[in-house]
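What follows is the content of final-v6.cif, which has mmCIF, C-alpha atoms:
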data_entry
loop_
_atom_site.label_atom_id
_atom_site.label_comp_id
_atom_site.auth_asym_id
_atom_site.auth_seq_id
_atom_site.Cartn_x
_atom_site.Cartn_y
_atom_site.Cartn_z
CA MET P 1 -77.05 98.80 0.71
CA ASP P 2 -74.42 97.29 2.96
CA GLU P 3 -75.58 93.87 4.04
CA LYS P 4 -72.98 92.74 6.54
CA PRO P 5 -72.84 88.94 6.74
CA ALA P 6 -73.51 87.58 10.20
CA ASP P 7 -70.07 86.08 10.57
CA GLY P 8 -68.43 89.52 10.73
CA ALA P 9 -66.56 89.24 7.45
CA GLN P 10 -64.51 92.19 6.31
CA LYS P 11 -65.30 94.36 3.35
CA VAL P 12 -62.98 93.64 0.48
CA SER P 13 -61.94 96.21 -2.06
CA LEU P 14 -63.55 95.08 -5.28
CA TYR P 15 -60.83 96.71 -7.32
CA SER P 16 -57.90 94.92 -5.74
CA ILE P 17 -57.50 91.53 -7.38
CA ASN P 18 -55.03 90.50 -4.70
CA ASP P 19 -57.44 91.29 -1.87
CA LEU P 20 -60.22 89.40 -3.62
CA LYS P 21 -57.95 86.40 -4.08
CA ASN P 22 -56.78 86.43 -0.46
CA ALA P 23 -60.31 86.72 0.87
CA THR P 24 -61.43 83.82 -1.31
CA ASP P 25 -58.41 81.72 -0.31
CA ASP P 26 -59.19 82.32 3.34
CA ALA P 27 -62.80 81.20 2.90
CA LEU P 28 -61.90 77.80 1.45
CA ALA P 29 -60.55 76.14 4.56
CA PRO P 30 -63.46 76.96 6.90
CA TYR P 31 -65.88 75.48 4.35
CA LEU P 32 -63.94 72.36 3.43
CA THR P 33 -63.07 71.46 7.00
CA LYS P 34 -66.69 71.67 8.07
CA LEU P 35 -68.24 69.44 5.42
CA PRO P 36 -70.42 66.67 6.82
CA PHE P 37 -68.85 63.34 7.67
CA PRO P 38 -67.44 61.36 5.82
CA TYR P 39 -66.38 64.21 3.60
CA THR P 40 -64.79 66.36 6.25
CA PHE P 41 -61.29 67.40 5.27
CA LYS P 42 -58.62 67.80 7.86
CA GLN P 43 -56.33 70.63 6.81
CA SER P 44 -52.66 69.78 6.47
CA HIS P 45 -50.36 72.63 7.40
CA TYR P 46 -47.24 70.83 6.26
CA TYR P 47 -46.11 73.36 3.63
CA THR P 48 -46.73 76.35 5.83
CA ASP P 49 -45.00 74.70 8.78
CA VAL P 50 -41.85 73.86 6.80
CA ARG P 51 -41.79 77.41 5.52
CA LEU P 52 -42.14 78.82 9.02
CA ALA P 53 -39.54 76.47 10.51
CA VAL P 54 -36.87 77.18 7.88
CA GLY P 55 -37.69 80.87 7.81
CA TYR P 56 -37.50 81.42 11.53
CA ALA P 57 -34.33 79.31 11.76
CA ALA P 58 -32.69 81.67 9.28
CA VAL P 59 -33.96 84.71 11.15
CA SER P 60 -32.63 83.35 14.45
CA ILE P 61 -29.21 82.85 12.91
CA ALA P 62 -29.25 86.45 11.76
CA ALA P 63 -30.43 87.61 15.17
CA ALA P 64 -27.72 85.61 16.94
CA THR P 65 -25.08 87.04 14.60
CA PHE P 66 -26.35 90.53 15.30
CA TYR P 67 -26.24 89.97 19.04
CA ALA P 68 -22.78 88.40 19.00
CA ASP P 69 -21.42 91.20 16.87
CA TRP P 70 -22.98 93.82 19.08
CA LYS P 71 -21.70 92.32 22.31
CA LEU P 72 -18.28 91.01 21.27
CA GLY P 73 -17.31 93.26 18.38
CA TRP P 74 -16.12 92.47 14.85
CA ASP P 75 -12.72 90.88 15.40
CA ALA P 76 -13.80 88.32 17.97
CA THR P 77 -16.75 87.12 15.94
CA LYS P 78 -15.26 87.15 12.44
CA ASN P 79 -15.15 83.39 11.97
CA TYR P 80 -18.56 82.80 13.45
CA THR P 81 -19.99 85.53 11.23
CA THR P 82 -18.56 83.89 8.12
CA ALA P 83 -20.15 80.56 9.01
CA ALA P 84 -23.42 82.24 9.92
CA CYS P 85 -23.59 84.11 6.60
CA VAL P 86 -23.02 80.96 4.58
CA LEU P 87 -25.61 79.04 6.57
CA TYR P 88 -28.10 81.89 6.34
CA PHE P 89 -27.94 82.09 2.56
CA ILE P 90 -28.21 78.33 2.22
CA LEU P 91 -31.39 78.39 4.32
CA ASN P 92 -32.69 81.40 2.45
CA SER P 93 -32.16 79.72 -0.94
CA PHE P 94 -33.88 76.60 0.30
CA LEU P 95 -36.78 78.70 1.52
CA THR P 96 -37.10 80.50 -1.80
CA LEU P 97 -37.05 77.24 -3.72
CA TRP P 98 -39.53 75.70 -1.31
CA VAL P 99 -42.04 78.50 -1.66
CA TRP P 100 -41.58 78.66 -5.42
CA LYS P 101 -41.61 74.97 -6.28
CA SER P 102 -43.25 73.08 -3.44
CA GLU P 103 -45.76 75.48 -1.99
CA ALA P 104 -46.34 76.93 -5.45
CA GLY P 105 -49.61 78.67 -4.68
CA LYS P 106 -51.18 75.95 -2.57
CA VAL P 107 -53.93 77.48 -0.50
CA PHE P 108 -55.54 74.36 0.89
CA VAL P 109 -54.33 70.81 1.43
CA GLY P 110 -56.78 68.54 3.18
CA ILE P 111 -57.06 64.85 3.91
CA ARG P 112 -60.28 62.90 4.33
CA GLU P 113 -60.82 60.05 6.73
CA GLY P 114 -60.17 57.59 3.91
CA LYS P 115 -56.77 59.26 3.32
CA GLN P 116 -57.88 60.85 0.06
CA LYS P 117 -56.06 64.13 -0.42
CA LEU P 118 -57.44 67.33 -1.89
CA THR P 119 -54.96 70.00 -2.99
CA LEU P 120 -56.07 73.43 -4.13
CA LYS P 121 -53.77 75.96 -5.76
CA SER P 122 -55.14 79.37 -6.52
CA SER P 123 -53.88 81.97 -8.95
CA VAL P 124 -54.99 85.18 -10.54
CA LYS P 125 -53.67 87.14 -13.49
CA LYS P 126 -52.88 90.74 -12.83
CA HIS P 127 -55.92 93.00 -13.29
CA VAL P 128 -58.15 90.17 -14.54
CA PRO P 129 -60.99 89.42 -12.09
CA ILE P 130 -60.96 85.67 -12.62
CA TYR P 131 -60.12 83.21 -9.87
CA ARG P 132 -58.32 80.13 -11.07
CA LEU P 133 -58.20 77.07 -8.90
CA LYS P 134 -56.09 74.04 -9.72
CA VAL P 135 -57.82 71.09 -8.12
CA ARG P 136 -56.07 67.81 -7.46
CA TYR P 137 -57.91 65.01 -5.73
CA GLU P 138 -55.79 61.96 -5.04
CA ALA P 139 -56.52 58.47 -3.90
CA PRO P 140 -54.57 57.19 -0.89
CA SER P 141 -52.39 55.24 -3.32
CA GLY P 142 -51.36 58.50 -4.97
CA LYS P 143 -53.35 58.05 -8.14
CA ASN P 144 -54.94 61.28 -9.35
CA TRP P 145 -58.68 60.97 -9.55
CA VAL P 146 -59.16 64.60 -10.42
CA ASP P 147 -56.53 66.97 -11.79
CA LYS P 148 -58.09 69.99 -13.38
CA GLU P 149 -58.25 73.76 -13.31
CA ILE P 150 -61.51 75.55 -12.62
CA GLU P 151 -62.29 79.21 -13.14
CA GLY P 152 -64.74 81.56 -11.59
CA ARG P 153 -65.32 85.27 -11.70
CA PHE P 154 -65.02 87.09 -8.38
CA SER P 155 -68.35 88.72 -9.13
CA GLN P 156 -69.96 85.32 -8.61
CA TRP P 157 -69.39 85.41 -4.87
CA PHE P 158 -68.64 89.02 -3.96
CA ASP P 159 -71.58 91.37 -3.71
CA GLU P 160 -71.65 95.01 -4.76
CA ALA P 161 -70.58 96.20 -1.34
CA GLY P 162 -67.52 93.96 -1.25
CA TYR P 163 -68.65 91.27 1.15
CA LEU P 164 -67.92 87.68 0.34
CA GLN P 165 -71.14 85.69 0.13
CA ARG P 166 -70.15 82.30 1.44
CA ALA P 167 -73.21 80.56 0.08
CA GLU P 168 -72.36 81.66 -3.45
CA LEU P 169 -68.77 80.51 -3.08
CA LYS P 170 -69.96 77.17 -1.76
CA LYS P 171 -72.22 76.84 -4.79
CA TRP P 172 -69.33 77.41 -7.14
CA LEU P 173 -67.12 74.92 -5.31
CA ALA P 174 -69.86 72.29 -5.05
CA ASN P 175 -70.61 72.53 -8.72
CA ASN P 176 -67.04 72.38 -9.89
CA ILE P 177 -65.39 69.94 -7.51
CA GLU P 178 -67.13 66.58 -7.57
CA VAL P 179 -66.27 65.44 -4.07
CA VAL P 180 -67.46 68.75 -2.63
CA GLY P 181 -70.67 68.46 -4.61
CA MET P 182 -71.22 65.02 -3.14
CA ALA P 183 -70.59 66.36 0.34
CA ASP P 184 -72.82 69.38 -0.02
CA PRO P 185 -75.65 68.49 -2.39
CA GLN P 186 -77.70 71.46 -1.21
CA SER P 187 -75.21 73.95 -2.58
CA LYS P 188 -74.96 71.96 -5.77
CA LYS P 189 -78.69 71.92 -6.26
CA ALA P 190 -79.11 75.59 -5.48
CA ILE P 191 -77.35 76.63 -8.68
CA GLU P 192 -79.78 74.77 -10.89
CA GLU P 193 -82.80 76.26 -9.23
CA SER P 194 -81.32 79.73 -8.90
CA ILE P 195 -83.19 80.51 -5.73
CA PRO P 196 -81.85 83.63 -4.07
CA ASP P 197 -80.03 82.43 -0.98
CA GLU P 198 -81.25 83.29 2.54
CA ALA P 199 -77.88 84.80 3.36
CA VAL P 200 -78.19 87.34 0.60
CA GLN P 201 -81.33 89.07 1.58
CA THR P 202 -81.41 92.53 0.09
CA PRO P 203 -84.39 94.70 0.93
CA ILE P 204 -84.31 96.26 -2.52
CA GLU P 205 -85.93 94.96 -5.69
CA HIS P 206 -85.45 91.32 -6.44
CA HIS P 207 -84.38 91.73 -10.04
CA GLN P 208 -81.08 90.19 -10.89
CA SER P 209 -78.26 92.17 -9.36
CA PRO P 210 -75.81 93.29 -12.04
CA VAL P 211 -72.92 91.91 -9.96
CA LEU P 212 -74.25 88.51 -8.99
CA GLU P 213 -74.27 86.32 -12.06
CA THR P 214 -75.27 82.73 -12.32
CA PRO P 215 -72.37 80.83 -13.82
CA SER P 216 -74.44 78.99 -16.33
CA SER P 217 -75.51 81.34 -19.02
CA GLY P 218 -78.33 80.28 -21.26
CA LYS P 219 -81.04 78.11 -19.79
CA GLY P 220 -80.34 78.70 -16.10
CA ALA P 221 -80.04 82.44 -16.46
CA ARG P 222 -83.20 82.70 -18.45
CA LYS P 223 -85.01 80.60 -15.87
CA ALA P 224 -83.77 82.87 -13.08
CA ARG P 225 -84.88 85.99 -14.81
CA ARG P 226 -88.32 84.57 -15.41
CA LYS P 227 -88.63 83.55 -11.73
CA ALA P 228 -87.67 87.01 -10.47
CA MET L 1 -61.33 94.92 21.32
CA LEU L 2 -58.56 95.41 18.80
CA SER L 3 -61.12 95.91 16.10
CA PHE L 4 -58.89 98.00 13.89
CA LEU L 5 -56.75 94.94 13.19
CA PRO L 6 -58.02 92.63 10.44
CA PRO L 7 -59.60 89.60 12.12
CA SER L 8 -57.33 87.29 10.16
CA LEU L 9 -54.44 88.49 12.32
CA LEU L 10 -55.97 87.05 15.46
CA HIS L 11 -57.91 84.09 14.14
CA GLN L 12 -55.26 82.61 11.88
CA PRO L 13 -52.00 82.44 13.79
CA ARG L 14 -50.12 80.73 10.97
CA GLN L 15 -50.90 83.47 8.53
CA THR L 16 -49.81 86.14 10.97
CA ALA L 17 -46.64 84.17 11.58
CA VAL L 18 -45.96 84.09 7.83
CA GLN L 19 -46.46 87.84 7.49
CA VAL L 20 -44.22 88.60 10.46
CA LEU L 21 -41.66 86.19 9.00
CA ASN L 22 -41.67 88.06 5.70
CA PHE L 23 -40.88 91.29 7.48
CA ALA L 24 -38.20 89.65 9.61
CA LEU L 25 -36.65 88.11 6.49
CA VAL L 26 -36.35 91.49 4.80
CA LEU L 27 -34.46 92.86 7.80
CA SER L 28 -32.28 89.83 8.36
CA THR L 29 -31.37 89.46 4.69
CA ALA L 30 -30.29 93.09 4.58
CA PHE L 31 -28.22 92.57 7.71
CA MET L 32 -26.65 89.33 6.49
CA LEU L 33 -25.76 90.88 3.13
CA TRP L 34 -23.96 93.59 5.05
CA LYS L 35 -22.13 91.01 7.15
CA THR L 36 -21.18 89.03 4.05
CA LEU L 37 -19.69 92.17 2.55
CA SER L 38 -17.82 92.68 5.82
CA VAL L 39 -16.47 89.15 5.69
CA LEU L 40 -15.42 89.44 2.05
CA SER L 41 -13.58 92.71 2.52
CA ASN L 42 -12.33 91.74 5.98
CA SER L 43 -13.45 95.08 7.30
CA SER L 44 -15.73 95.78 10.23
CA SER L 45 -17.35 98.50 8.19
CA PRO L 46 -17.05 97.88 4.46
CA ILE L 47 -19.14 100.89 3.47
CA VAL L 48 -18.72 104.25 5.21
CA VAL L 49 -20.15 107.70 4.77
CA VAL L 50 -17.88 110.74 4.58
CA LEU L 51 -18.78 112.89 7.57
CA SER L 52 -16.61 115.96 7.15
CA GLY L 53 -15.21 118.13 4.41
CA SER L 54 -11.58 117.33 5.22
CA MET L 55 -11.01 115.45 1.97
CA GLU L 56 -12.44 118.00 -0.42
CA PRO L 57 -12.39 118.27 -3.37
CA ALA L 58 -11.94 114.51 -3.67
CA PHE L 59 -14.79 113.52 -1.34
CA GLN L 60 -17.71 115.58 -0.13
CA ARG L 61 -19.76 115.15 2.99
CA GLY L 62 -22.36 112.49 2.33
CA ASP L 63 -20.39 110.43 -0.19
CA LEU L 64 -20.49 106.67 0.18
CA LEU L 65 -17.13 104.88 0.21
CA PHE L 66 -16.38 101.22 -0.45
CA LEU L 67 -13.51 99.75 1.54
CA TRP L 68 -11.16 96.81 1.13
CA ASN L 69 -9.13 95.61 4.04
CA ARG L 70 -7.12 92.64 2.82
CA ASP L 71 -3.85 94.47 2.19
CA HIS L 72 -1.29 94.42 4.96
CA THR L 73 0.33 97.71 4.10
CA ALA L 74 -0.76 101.03 2.72
CA GLU L 75 1.10 103.12 0.18
CA VAL L 76 1.73 106.80 0.53
CA GLY L 77 -1.02 108.54 -1.36
CA GLU L 78 -3.62 105.89 -0.64
CA ILE L 79 -6.83 107.02 1.00
CA VAL L 80 -7.61 105.01 4.12
CA VAL L 81 -10.36 104.99 6.71
CA TYR L 82 -9.40 104.60 10.33
CA LYS L 83 -10.94 104.82 13.77
CA VAL L 84 -9.07 106.43 16.61
CA LYS L 85 -8.75 104.10 19.57
CA GLY L 86 -11.59 104.82 21.94
CA LYS L 87 -13.68 106.76 19.43
CA ASP L 88 -16.27 105.31 17.11
CA ILE L 89 -16.12 107.81 14.27
CA PRO L 90 -14.47 106.68 11.04
CA ILE L 91 -12.04 109.22 9.58
CA VAL L 92 -11.20 109.28 5.89
CA HIS L 93 -7.75 110.70 5.13
CA ARG L 94 -4.77 110.18 2.87
CA VAL L 95 -1.52 108.44 3.88
CA VAL L 96 1.36 110.91 3.74
CA ARG L 97 4.13 108.95 5.44
CA SER L 98 4.60 105.25 5.89
CA PHE L 99 7.12 103.27 7.83
CA HIS L 100 7.30 99.55 7.13
CA THR L 101 8.99 96.85 9.06
CA VAL L 102 9.40 93.42 7.48
CA SER L 103 10.42 90.44 9.65
CA GLY L 104 11.51 92.69 12.47
CA ASN L 105 13.98 94.65 10.31
CA PRO L 106 13.09 98.29 10.24
CA LEU L 107 13.34 100.01 6.84
CA VAL L 108 13.43 103.69 7.54
CA GLN L 109 11.48 105.78 5.05
CA GLY L 110 11.44 109.48 5.58
CA LYS L 111 10.39 111.23 8.75
CA SER L 112 9.01 109.03 11.47
CA LYS L 113 8.91 109.20 15.21
CA SER L 114 8.91 105.45 15.59
CA GLU L 115 8.77 103.26 18.63
CA LYS L 116 10.93 100.21 18.82
CA VAL L 117 9.42 97.30 16.98
CA GLY L 118 9.86 94.04 18.86
CA ALA L 119 12.31 91.57 17.29
CA ALA L 120 9.82 88.77 17.68
CA ASP L 121 7.51 90.34 15.07
CA THR L 122 7.62 88.46 11.79
CA ALA L 123 4.48 89.84 10.18
CA PRO L 124 5.06 92.98 8.12
CA LYS L 125 3.96 96.01 10.08
CA ALA L 126 3.02 99.30 8.57
CA GLN L 127 2.96 102.48 10.57
CA LEU L 128 1.24 105.34 8.87
CA LEU L 129 0.78 109.04 9.19
CA THR L 130 -2.30 110.51 7.60
CA LYS L 131 -3.60 113.93 6.66
CA GLY L 132 -6.79 115.24 5.17
CA ASP L 133 -6.35 116.90 1.76
CA ASN L 134 -8.32 119.88 2.91
CA ASN L 135 -6.60 120.19 6.29
CA ILE L 136 -3.54 122.28 6.98
CA ALA L 137 -2.02 120.06 9.63
CA ASP L 138 -1.49 116.30 9.61
CA ASP L 139 -3.49 114.00 11.84
CA THR L 140 -1.08 113.80 14.78
CA GLU L 141 -3.51 115.89 16.82
CA LEU L 142 -6.37 113.51 16.08
CA TYR L 143 -4.69 110.33 17.22
CA ALA L 144 -5.11 109.00 20.74
CA ARG L 145 -2.95 110.30 23.56
CA GLY L 146 0.61 109.17 23.12
CA GLN L 147 -0.07 107.78 19.67
CA SER L 148 1.92 109.42 16.89
CA TYR L 149 1.19 107.01 14.06
CA LEU L 150 -1.45 104.55 12.96
CA ASP L 151 -0.96 100.81 12.84
CA ARG L 152 -2.26 99.22 9.64
CA GLU L 153 -3.67 96.17 11.36
CA GLU L 154 -5.11 97.75 14.47
CA ASP L 155 -6.45 101.14 13.53
CA ILE L 156 -7.23 101.06 9.83
CA ILE L 157 -10.55 99.59 8.83
CA GLY L 158 -9.85 99.63 5.11
CA SER L 159 -8.56 101.52 2.12
CA VAL L 160 -10.95 103.20 -0.26
CA ARG L 161 -11.54 101.32 -3.48
CA GLY L 162 -14.53 103.12 -4.91
CA TYR L 163 -17.18 105.65 -4.09
CA VAL L 164 -20.68 106.86 -4.88
CA PRO L 165 -21.31 110.57 -4.45
CA ALA L 166 -23.96 112.05 -2.17
CA VAL L 167 -25.99 108.86 -1.54
CA GLY L 168 -24.83 108.60 2.04
CA TYR L 169 -26.48 111.83 3.09
CA VAL L 170 -29.53 109.86 4.23
CA THR L 171 -27.35 108.06 6.77
CA ILE L 172 -26.05 111.37 8.07
CA MET L 173 -29.60 112.58 8.53
CA LEU L 174 -30.61 109.36 10.28
CA SER L 175 -27.68 109.53 12.67
CA GLU L 176 -28.19 113.20 13.47
CA HIS L 177 -31.90 112.67 14.02
CA PRO L 178 -32.14 109.15 15.44
CA TRP L 179 -35.89 109.37 15.94
CA LEU L 180 -36.21 109.23 12.14
CA LYS L 181 -34.94 105.65 12.22
CA THR L 182 -37.59 104.57 14.71
CA VAL L 183 -40.34 106.26 12.74
CA MET L 184 -39.20 104.64 9.49
CA MET L 185 -39.03 101.17 11.01
CA GLY L 186 -42.37 101.58 12.68
CA ILE L 187 -44.09 102.55 9.45
CA MET L 188 -42.44 99.73 7.53
CA GLY L 189 -43.38 97.19 10.16
CA VAL L 190 -47.03 98.18 10.28
CA MET L 191 -47.32 98.21 6.50
CA VAL L 192 -45.80 94.79 5.99
CA VAL L 193 -47.82 93.05 8.66
CA LEU L 194 -51.13 94.47 7.48
CA GLN L 195 -50.51 93.85 3.80
CA ARG L 196 -50.33 90.51 2.11
CA GLU L 197 -48.87 91.32 -1.29
#
Could the structure of this file be written out as structure tokens, please?
Amino acid sequence: MDEKPADGAQKVSLYSINDLKNATDDALAPYLTKLPFPYTFKQSHYYTDVRLAVGYAAVSIAAATFYADWKLGWDATKNYTTAACVLYFILNSFLTLWVWKSEAGKVFVGIREGKQKLTLKSSVKKHVPIYRLKVRYEAPSGKNWVDKEIEGRFSQWFDEAGYLQRAELKKWLANNIEVVGMADPQSKKAIEESIPDEAVQTPIEHHQSPVLETPSSGKGARKARRKA
Amino acid sequence: MLSFLPPSLLHQPRQTAVQVLNFALVLSTAFMLWKTLSVLSNSSSPIVVVLSGSMEPAFQRGDLLFLWNRDHTAEVGEIVVYKVKGKDIPIVHRVVRSFHTVSGNPLVQGKSKSEKVGAADTAPKAQLLTKGDNNIADDTELYARGQSYLDREEDIIGSVRGYVPAVGYVTIMLSEHPWLKTVMMGIMGVMVVLQRE
């Protein structure tokens, strides 16, 4: 049964790891930037902005070269074209290095009102449905309070139809990132009690859906099964 | 409204900007690589496609030729590409006569209806007559009105240094059916902006 979430989310193909990753990446910022004060994170777009600035500068150089060549012909613009080519490839190399080394998979960088910085880098391995998040939480002085990698299966927050269940994603984040758990104790608690969330109301039987798993196997899972 | 577009396109301007940038970078890198090749070979068109069968059996229609334009003269027997003044089509033919002048002193070589070279010229000038291997007559008919030879610096866009057979046929098709180009670009553009791989 297709239960469309109220926020108009798009259906994601459950077989495309890349789509699942992108959808999850996109859901992080709206959650983290709306946490209650004083845990609200303000998203920093620094890496994206540098990438856009350098990228569009290079593209404008190429466009200008194209225009000059078109209007004035080859001979008149030879010297300018040489300079433009050199400059273009310098910018392009910088851009490649920037994306590879600096951006390096960062999907969220946010700063709290106390200047603590949270950096999240996501990655997936080809054809393996596991979402890996490198979490770094720094003090204003730069000291790393948290620097770890957490893993979750996409099946924990995507339902059978392919819709991302935000509540389930929040639970996973709250339980694995301490500062988020402190900010959103409700989500953190919900895992332990395994109450089916209001957002995921399926009219069919309430037995455990084969797709939605609780992350803690053992005690929690057994408890859930008994409850249902 | 535009419900067929993924909502991310409209709600997250930065992401859309990044996707558009990726597409633009593909195009501009291709273009700049072409221009770099132009700069290196000093030719306005470092890679040309053979358009006619006038050089058979050496070159067929659709072959891709690589040009080098840093020589100041051309030897008899060399294959050069030139554009007739006022026309935009590159012609690939072989040099059959050449007439050099060095430092204003004419060195007569064979048959040539030459015009007087100014004494002030110190750069070596090469005046060439060309002919397609598969043609009966030489190129005198093809040159511009009143022109009976080609000037190495002005008319020639390069001499052939290498070739790849048949690959250029796509370009011929694109130029004879220009709507194909628009269709191709349109499809590419839509695909890149909607994907995020």
Distance query L:Leu150 at most 8 Å, all atoms listed in the file, self and fewer than 6 positions along chain excluded, as a ChimeraX atom specification: /L:127-129,143,156
Same residues, C-alpha atoms, saved as an mmCIF file, in the coordinates of the input:
data_model
loop_
_atom_site.group_PDB
_atom_site.id
_atom_site.type_symbol
_atom_site.label_atom_id
_atom_site.label_comp_id
_atom_site.auth_asym_id
_atom_site.auth_seq_id
_atom_site.Cartn_x
_atom_site.Cartn_y
_atom_site.Cartn_z
ATOM 1 C CA GLN L 127 2.960 102.480 10.570
ATOM 2 C CA LEU L 128 1.240 105.340 8.870
ATOM 3 C CA LEU L 129 0.780 109.040 9.190
ATOM 4 C CA TYR L 143 -4.690 110.330 17.220
ATOM 5 C CA ILE L 156 -7.230 101.060 9.830
#
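Among the candidate residues L:His100, L:Lys87, L:Arg14, L:Lys131, the one lying nearest to chain P is L:Arg14, with distances computed using all atoms listed in the file.
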Hits of the PyMOL selection byres ((chain L) within 10 of (chain P)) in this structure, as a ChimeraX atom specification: /L:6-8,12,14-15,17-18,20-22,24-40,42-45,195-197
Stretch 27-38 of chain P environment, 10 Å, only C-alpha atoms, sequence neighbours closer than 3 positions dropped, as a short mmCIF file (atom, residue, chain, number, x, y, z; two decimals) with C-alpha atoms, in the frame of the given file:
data_model
loop_
_atom_site.label_atom_id
_atom_site.label_comp_id
_atom_site.auth_asym_id
_atom_site.auth_seq_id
_atom_site.Cartn_x
_atom_site.Cartn_y
_atom_site.Cartn_z
CA ALA P 9 -66.56 89.24 7.45
CA LYS P 21 -57.95 86.40 -4.08
CA ASN P 22 -56.78 86.43 -0.46
CA ALA P 23 -60.31 86.72 0.87
CA THR P 24 -61.43 83.82 -1.31
CA PHE P 41 -61.29 67.40 5.27
CA LYS P 42 -58.62 67.80 7.86
CA GLN P 43 -56.33 70.63 6.81
CA VAL P 107 -53.93 77.48 -0.50
CA PHE P 108 -55.54 74.36 0.89
CA VAL P 109 -54.33 70.81 1.43
CA GLY P 110 -56.78 68.54 3.18
CA ILE P 111 -57.06 64.85 3.91
CA ARG P 112 -60.28 62.90 4.33
CA GLU P 113 -60.82 60.05 6.73
CA GLY P 114 -60.17 57.59 3.91
CA LEU P 118 -57.44 67.33 -1.89
CA LEU P 120 -56.07 73.43 -4.13
CA LEU P 164 -67.92 87.68 0.34
CA GLN P 165 -71.14 85.69 0.13
CA ARG P 166 -70.15 82.30 1.44
CA ALA P 167 -73.21 80.56 0.08
CA LEU P 169 -68.77 80.51 -3.08
CA LYS P 170 -69.96 77.17 -1.76
CA LEU P 173 -67.12 74.92 -5.31
CA VAL P 180 -67.46 68.75 -2.63
CA ALA P 183 -70.59 66.36 0.34
CA ASP P 184 -72.82 69.38 -0.02
#
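Candidate residues L:His177, L:Ala58, L:Lys125, L:Asp138 were compared for distance to L:Thr101, and the nearest is L:Lys125, using only C-alpha atoms.
Nearest residue to L:Tyr82, choosing from L:Pro57, L:Gly158, L:Gly146, L:Gly168 and counting only C-alpha atoms: L:Gly158.
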Between atom CA of P:Lys188 and atom CA of P:Asn175 - distance in Å to one decimal: 5.3 Å
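Going from atom CA of L:Arg161 to atom CA of L:Phe59 covers 12.8 Å.
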Shell of 12 Å around P:Val135, only C-alpha atoms, local chain residues under 3 positions omitted, as number ranges by chain: P: 105-110, 117-123, 132, 138, 144-151, 173, 176-180
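Here atom CA of L:Val95 is placed at a distance of 23.5 Å from atom CA of L:Ala166.
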The PyMOL selection byres ((chain L and resi 64) around 10) resolved against shown file, as a list in words: Ile47, Val48, Val49, Val50, Leu51, Phe59, Gln60, Arg61, Gly62, Asp63, Leu65, Phe66, Leu67, Gly162, Tyr163, Val164, Pro165, Ala166, Val167, Gly168, Tyr169 and Thr171 of chain L
Residues selected by the PyMOL selection byres ((chain L and resi 130) around 10), written as a ChimeraX atom specification: /L:76-82,92-98,128-129,131-133,137-140,142-143,149-150
Dump as a PDB file, in the frame of the given file, selection limited to C-alpha atoms:
ATOM      1  CA  VAL L  76       1.730 106.800   0.530  1.00  0.00           C
ATOM      2  CA  GLY L  77      -1.020 108.540  -1.360  1.00  0.00           C
ATOM      3  CA  GLU L  78      -3.620 105.890  -0.640  1.00  0.00           C
ATOM      4  CA  ILE L  79      -6.830 107.020   1.000  1.00  0.00           C
ATOM      5  CA  VAL L  80      -7.610 105.010   4.120  1.00  0.00           C
ATOM      6  CA  VAL L  81     -10.360 104.990   6.710  1.00  0.00           C
ATOM      7  CA  TYR L  82      -9.400 104.600  10.330  1.00  0.00           C
ATOM      8  CA  VAL L  92     -11.200 109.280   5.890  1.00  0.00           C
ATOM      9  CA  HIS L  93      -7.750 110.700   5.130  1.00  0.00           C
ATOM     10  CA  ARG L  94      -4.770 110.180   2.870  1.00  0.00           C
ATOM     11  CA  VAL L  95      -1.520 108.440   3.880  1.00  0.00           C
ATOM     12  CA  VAL L  96       1.360 110.910   3.740  1.00  0.00           C
ATOM     13  CA  ARG L  97       4.130 108.950   5.440  1.00  0.00           C
ATOM     14  CA  SER L  98       4.600 105.250   5.890  1.00  0.00           C
ATOM     15  CA  LEU L 128       1.240 105.340   8.870  1.00  0.00           C
ATOM     16  CA  LEU L 129       0.780 109.040   9.190  1.00  0.00           C
ATOM     17  CA  LYS L 131      -3.600 113.930   6.660  1.00  0.00           C
ATOM     18  CA  GLY L 132      -6.790 115.240   5.170  1.00  0.00           C
ATOM     19  CA  ASP L 133      -6.350 116.900   1.760  1.00  0.00           C
ATOM     20  CA  ALA L 137      -2.020 120.060   9.630  1.00  0.00           C
ATOM     21  CA  ASP L 138      -1.490 116.300   9.610  1.00  0.00           C
ATOM     22  CA  ASP L 139      -3.490 114.000  11.840  1.00  0.00           C
ATOM     23  CA  THR L 140      -1.080 113.800  14.780  1.00  0.00           C
ATOM     24  CA  LEU L 142      -6.370 113.510  16.080  1.00  0.00           C
ATOM     25  CA  TYR L 143      -4.690 110.330  17.220  1.00  0.00           C
ATOM     26  CA  TYR L 149       1.190 107.010  14.060  1.00  0.00           C
ATOM     27  CA  LEU L 150      -1.450 104.550  12.960  1.00  0.00           C
TER      28      LEU L 150
END
Spatial neighbours of P:Arg153, max dist 8 Å, only C-alpha atoms, sep filter under 6 positions, as a PyMOL selection string: chain P and resi 129-131
